[in-house]
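Undergrad: Quick one: the structure is below, and I'll ask about it shortly.
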Amino acid sequence: MTEKSYQETRSKEVKSLGSGETEYRYTYAPELLETFENVHQENDYWVTLNADEFTSLCPKTNQPDFGTLIINYIPNVNMVESKSLKLYLFSFMNSGEFHEDVVNKIGKDLVKLMEPKYLEVVGLFYPRGNISIHPTFSYANGEKEFEEIKKHRFINRNINPQRVG
């Protein structure tokens, strides 16, 4: 692709952002997730995605639970497209699930989607009844070096999970 055609394509993409064409789903919708190809497959590197305004529903009280999700991964061939991730996470807004279930479901969906080398999802949920819940999902693809990362991060999990990443 030439620089000129790239700029024209990018200009069209930017103009369509916020145009009101985005459909928001209010129930769990993993089919919204999309990928793009990792053009740096020869490198192992971290990608960190923070979702600071995550919301789901408590299955007991039906009240909203708020928190931050931190998604760290080492990509393989596919990477998650950020807008599709945003829409997918938004789909949990009316999903009545416990914090631990949400984090594990998101982790499993992302592993199925991308088949990364390593992935972790950390949920930093705001206190409810004076108790904060911070579940972590982790996955390694079976290769020794990534299994070692998983083991190391599990064993050395800091008391303050906001430092994970």
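Residues are referred to by chain and number: the chain letter is A, B, ... according to the order shown in the structure tokens, the number counts from 1 in that chain, and ligands are numbered separately from 1 in the order shown.
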I want to know what sits within 8 Å of region 62-72 of chain A, based on only C-alpha atoms, with residues of the same chain fewer than 5 positions away left out; could you give that as a PyMOL selection string?

TA: chain A and resi 46-57+93+96+119-126+165

Undergrad: Put those residues in a file: C-alpha atoms, as a PDB file, in the first residue's frame.

TA:
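Once written, again_35.pdb looks like this:
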```pdb
ATOM      1  CA  TRP A  46       3.578  -7.208  25.949  1.00  0.00           C
ATOM      2  CA  VAL A  47       0.292  -5.580  25.076  1.00  0.00           C
ATOM      3  CA  THR A  48      -1.609  -4.033  27.983  1.00  0.00           C
ATOM      4  CA  LEU A  49      -5.216  -2.922  27.634  1.00  0.00           C
ATOM      5  CA  ASN A  50      -6.974  -1.103  30.487  1.00  0.00           C
ATOM      6  CA  ALA A  51     -10.752  -0.903  30.683  1.00  0.00           C
ATOM      7  CA  ASP A  52     -11.222   1.642  33.452  1.00  0.00           C
ATOM      8  CA  GLU A  53     -15.018   1.817  33.313  1.00  0.00           C
ATOM      9  CA  PHE A  54     -16.035  -1.840  33.258  1.00  0.00           C
ATOM     10  CA  THR A  55     -19.558  -2.570  34.487  1.00  0.00           C
ATOM     11  CA  SER A  56     -21.494  -5.761  35.078  1.00  0.00           C
ATOM     12  CA  LEU A  57     -24.408  -6.704  37.328  1.00  0.00           C
ATOM     13  CA  MET A  93     -23.327  -4.238  31.356  1.00  0.00           C
ATOM     14  CA  GLY A  96     -25.470 -10.869  36.022  1.00  0.00           C
ATOM     15  CA  LEU A 119      -2.595 -13.799  28.509  1.00  0.00           C
ATOM     16  CA  GLU A 120      -3.869 -12.555  31.840  1.00  0.00           C
ATOM     17  CA  VAL A 121      -6.999 -10.668  32.818  1.00  0.00           C
ATOM     18  CA  VAL A 122      -7.013  -8.862  36.163  1.00  0.00           C
ATOM     19  CA  GLY A 123     -10.276  -7.538  37.599  1.00  0.00           C
ATOM     20  CA  LEU A 124      -9.995  -4.654  40.045  1.00  0.00           C
ATOM     21  CA  PHE A 125     -13.572  -4.351  41.257  1.00  0.00           C
ATOM     22  CA  TYR A 126     -14.561  -1.480  43.517  1.00  0.00           C
ATOM     23  CA  GLY A 165       1.159  -5.308  34.252  1.00  0.00           C
TER      24      GLY A 165
END
```

Undergrad: Using DSSP assignments from the backbone, pull out every residue in chain A that falls under strand (DSSP E or B) and give it to me as JSON, numbers by chain.

TA: {"A": [35, 36, 37, 47, 48, 49, 50, 51, 52, 53, 54, 55, 56, 57, 64, 65, 66, 67, 68, 69, 70, 71, 72, 73, 74, 78, 79, 80, 96, 118, 119, 120, 121, 122, 123, 124, 125, 128, 131, 136, 137, 138, 139, 140]}

Undergrad: Based on the selection just made, write C-alpha atoms of those residues as a compact mmCIF listing (two decimals), in the first residue's frame.

TA:
```txt
# COMPACT_ATOMS: atom_id res chain seq x y z
CA THR A 35 -8.76 -9.75 15.44
CA PHE A 36 -6.09 -8.35 13.18
CA GLU A 37 -2.76 -9.88 12.24
CA VAL A 47 0.29 -5.58 25.08
CA THR A 48 -1.61 -4.03 27.98
CA LEU A 49 -5.22 -2.92 27.63
CA ASN A 50 -6.97 -1.10 30.49
CA ALA A 51 -10.75 -0.90 30.68
CA ASP A 52 -11.22 1.64 33.45
CA GLU A 53 -15.02 1.82 33.31
CA PHE A 54 -16.03 -1.84 33.26
CA THR A 55 -19.56 -2.57 34.49
CA SER A 56 -21.49 -5.76 35.08
CA LEU A 57 -24.41 -6.70 37.33
CA PRO A 64 -24.13 -2.59 39.01
CA ASP A 65 -20.59 -3.63 39.85
CA PHE A 66 -17.86 -1.27 38.69
CA GLY A 67 -14.19 -1.91 38.19
CA THR A 68 -11.11 -1.79 36.05
CA LEU A 69 -10.00 -4.67 33.88
CA ILE A 70 -6.34 -5.01 32.95
CA ILE A 71 -5.63 -7.33 30.03
CA ASN A 72 -1.98 -8.22 29.46
CA TYR A 73 -0.92 -10.50 26.65
CA ILE A 74 1.96 -11.60 24.49
CA ASN A 78 -3.68 -12.60 16.04
CA MET A 79 -4.31 -9.54 18.18
CA VAL A 80 -7.62 -8.27 19.52
CA GLY A 96 -25.47 -10.87 36.02
CA TYR A 118 0.46 -15.63 27.19
CA LEU A 119 -2.60 -13.80 28.51
CA GLU A 120 -3.87 -12.56 31.84
CA VAL A 121 -7.00 -10.67 32.82
CA VAL A 122 -7.01 -8.86 36.16
CA GLY A 123 -10.28 -7.54 37.60
CA LEU A 124 -10.00 -4.65 40.04
CA PHE A 125 -13.57 -4.35 41.26
CA ARG A 128 -19.03 -3.51 47.84
CA ILE A 131 -14.74 -5.82 50.33
CA THR A 136 -6.96 -12.91 37.95
CA PHE A 137 -7.18 -15.30 34.99
CA SER A 138 -3.95 -16.45 33.38
CA TYR A 139 -3.08 -18.62 30.40
CA ALA A 140 0.12 -19.82 28.75
```

Undergrad: Would you please give, as a list of chain:residue names, all residues of region 25-112 of chain A that DSSP assigns to helix (DSSP H, G or I) based on the backbone?

TA: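 Taking region 25-112 of chain A and keeping helix (DSSP H, G or I) gives A:Pro30, A:Glu31, A:Leu32, A:Ser82, A:Lys83, A:Ser84, A:Leu85, A:Lys86, A:Leu87, A:Tyr88, A:Leu89, A:Phe90, A:His99, A:Glu100, A:Asp101, A:Val102, A:Val103, A:Asn104, A:Lys105, A:Ile106, A:Gly107, A:Lys108, A:Asp109, A:Leu110, A:Val111, A:Lys112.
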